[in-house]
Each structure stands twice: as C-alpha cells, then as structure tokens.
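Taking it in order: structure first as structure tokens, then the write-up.
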Amino acid sequence: MKNRLSKLLYSMVWPVYDIFFGAGTPFVKNMRKRLIEKLELKKGQRVADIGIGTGANVPFIHEQIGPEGEIFGIDISREMLNKCRKNLDKWGIKADLMLGDAEELPYNDRSFDAILCFGIFNHVDNPDKLLKEIMRIATPGAKIVIGDEIFPFLARIPKLPENAVDVRKSRDSGILPFWIVEFKNRK
Ligand SMILES: C[S@@+](CC[C@H](N)C(=O)[O-])C[C@H]1O[C@@H](n2cnc3c(N)ncnc32)[C@H](O)[C@@H]1O
C-alpha cells in the first residue's frame with residue numbers, strides 16, 4: 001500500500017524535488033556531504049544508493065570513490081529515475097540504475113562495500129524487511145548509513161540486526177530534520 005502511494009507521490013513531485021532537496025540546494029548540500037562522510041568511502045569501492053531518487057547523493061559519493069568506483073541505484077519511481085539519468089548525464093557521472101522495490105533488492109548477496117538508504121524508510125510497507133535486504137547485499141565489514149525524517153507520526157526506524165556493529169545514532173537537518181543510524185556489517 002505504502003509502496004503504491006510512494007510511486008504516486010514521486011510521479012507528481014519529481015519536477016520540483018531538486019529545487020528543495022537537490023545536490024546543489026544550499027543547507028541540504030552540506031547535510032548530504034556529512035551523510036556521505038559517514039559512509040567512510042575509499043577509492044574504487046562498490047556503493048549502493050537504495051531509493052536513489054534524482055541522484056542527489058551521487059556527486060558526493062563519486063567524489064569519494066573516484067571514477068574507478070561503481071555506483072548502483074534503485075528506485076520504485078520511474079519518473080525519479082528518469083530525472084536521475086538526466087542529472088547523471090549533466091554531471092558526467094556513471095551509475096547502474098534499476099527500477100524496482102527496495103524491499104526485494106535485485107542484487108547478489110554480499111556485493112556492496114557501502115550502502116546508503118536515505119529518505120525511504122518512512123515510505124516502505126515493511127522497514128524491517130528493507131533493512132534485512134540491505135544487510136543481505138552488504139559485504140562483511142561494509143558501512144551502512146540509513147536515515148529519514150524524524151517526525152514522530154512518520155518516523156519508522158527499523159530494529160537493527162545482531163550483526164550490526166559500531167552503531168552510531170545522530171540527527172541532522174537540511175530543510176527537514178532527520179534521524180541517522182550508521183553501523184557496520186560484522187566481519
Ligand atoms: C525522499 S526521496 C529520497 C531520494 C534520495 N535518497 C535522496 O536522498 O534525495 C524517497 C525516494 O524513495 C523512493 N522509494 C520509496 N519507496 C521505495 C521502495 N519501496 N523501493 C524503492 N524506492 C522507493 C521514492 O520513489 C523516492 O525517489
């Protein structure tokens with residue numbers, strides 16, 4: 001149900017999304033930089049951005065992993081992904097994009113060094129299932145950063161699994177306040 005609502009919502013908001021939350025939007029830009037720093041990226045890593053939207057985190061990820069790194073993104077909204085493709089062309093950055101539901105990720109087990117999932121936990125039907133999928137595709141030792149808006153009527157923070165280690169919780173804000181949880185997948 002929530003997934004269907006998300007599709008509908010983002011099929012309408014995609015034309016204005018970058019005005020408020022884009023990679024270059026002041027305030028949000030600095031918040032995104034801080035978010036990406038938490039991923040502790042290294043050159044050449046394989047990174048997944050789950051619910052990639054218009055790709056607003058991608059320039060900051062690319063800056064850290066360099067052209068030898070690989071970025072993968074999935075989103076449930078065709079319109080947001082189309083906008084993401086246009087942004088990537090504009091920025092001259094390559095990423096492997098897929099249309100799909102993050103609760104059933106189309107990636108192999110243990111295939112990413114770092115995973116970002118920002119702004120979608122409030123949207124999915126089952127946040128615990130989403131986190132289980134994220135853990136499945138993470139390599140042992142991978143850094144994972146998740147977060148979404150903090151509003152109590154919306155916020156759906158998943159229960160962390162036992163193999164989540166070095167857990168840190170924080171808050172940050174761009175235009176809106178967010179909860180952020182960062183941790184590593186136990187080696
Ligand atoms: C608030 S936006 C965040 C986009 C991006 N992560 C960012 O930081 O700007 C939420 C995104 O999650 C996507 N989304 C919502 N539910 C999803 C699901 N079940 N699977 C994949 N993407 C989903 C929406 O289509 C939208 O692009």
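By order in the structure tokens, chains are A, B, ...; within a chain, residues start at 1; ligands start at 1, following the order shown.
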Neighbourhood of ligand 1 at 9 Å, counting only C-alpha atoms and all ligand atoms, reported as an NGL selection string: :A and (2-11 or 14 or 17-18 or 21-23 or 32 or 49-57 or 74-81 or 99-105 or 116-126 or 130 or 148-149)
What's around Pro158 of chain A at 8 Å? Count only C-alpha atoms, leave out sequence neighbours fewer than 3 positions away in its own chain, and write the answer as an MDAnalysis selection string. chainID A and resid 127:128 131
Export of prior selection with C-alpha atoms as an mmCIF file, in the first residue's frame:
```cif
data_model
loop_
_atom_site.group_PDB
_atom_site.id
_atom_site.type_symbol
_atom_site.label_atom_id
_atom_site.label_comp_id
_atom_site.auth_asym_id
_atom_site.auth_seq_id
_atom_site.Cartn_x
_atom_site.Cartn_y
_atom_site.Cartn_z
ATOM 1 C CA PRO A 127 11.125 -1.185 7.239
ATOM 2 C CA ASP A 128 12.497 -4.357 8.909
ATOM 3 C CA LEU A 131 16.911 -3.446 6.409
#
```
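The shortest atom-to-atom distance to Lys94 of chain A, with only C-alpha atoms taken into account, belongs to A:His62 out of A:Arg168, A:Lys143, A:His62, A:Lys29.
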Mind checking DSSP for segment 31-119 of chain A and telling me the strand (DSSP E) residues as number ranges by chain? A: 46-50, 70-75, 96-99, 112-118
Go ahead and write the selection's residues with C-alpha atoms as an mmCIF file, in the first residue's frame.
```cif
data_model
loop_
_atom_site.group_PDB
_atom_site.id
_atom_site.type_symbol
_atom_site.label_atom_id
_atom_site.label_comp_id
_atom_site.auth_asym_id
_atom_site.auth_seq_id
_atom_site.Cartn_x
_atom_site.Cartn_y
_atom_site.Cartn_z
ATOM 1 C CA ARG A 46 31.128 -0.514 -4.927
ATOM 2 C CA VAL A 47 28.347 1.562 -3.396
ATOM 3 C CA ALA A 48 24.559 1.097 -3.467
ATOM 4 C CA ASP A 49 22.175 4.034 -3.039
ATOM 5 C CA ILE A 50 18.817 2.468 -2.179
ATOM 6 C CA GLU A 70 30.950 1.831 -9.007
ATOM 7 C CA ILE A 71 27.589 3.311 -8.009
ATOM 8 C CA PHE A 72 24.340 1.333 -8.137
ATOM 9 C CA GLY A 73 20.926 2.873 -7.555
ATOM 10 C CA ILE A 74 17.412 1.526 -7.324
ATOM 11 C CA ASP A 75 14.129 3.400 -7.073
ATOM 12 C CA ASP A 96 23.922 1.486 -12.781
ATOM 13 C CA LEU A 97 20.225 2.335 -12.267
ATOM 14 C CA MET A 98 17.318 -0.056 -11.791
ATOM 15 C CA LEU A 99 13.594 0.383 -11.404
ATOM 16 C CA PHE A 112 28.496 -3.842 -1.789
ATOM 17 C CA ASP A 113 31.261 -2.202 0.272
ATOM 18 C CA ALA A 114 28.965 0.603 1.405
ATOM 19 C CA ILE A 115 25.220 1.186 1.335
ATOM 20 C CA LEU A 116 23.222 4.375 1.707
ATOM 21 C CA CYS A 117 19.469 4.314 2.176
ATOM 22 C CA PHE A 118 18.237 7.806 2.857
#
```
When distances are computed from only C-alpha atoms, which of A:Lys169, A:Lys33, A:Lys184, A:Lys129 shows the smallest separation from Ile61 of chain A? A:Lys33
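You can rank A:Asp172, A:Ala164, A:Asn108, A:Lys159 by their closest distance to Ile137 of chain A using only C-alpha atoms, and at the top of that list sits A:Asn108.
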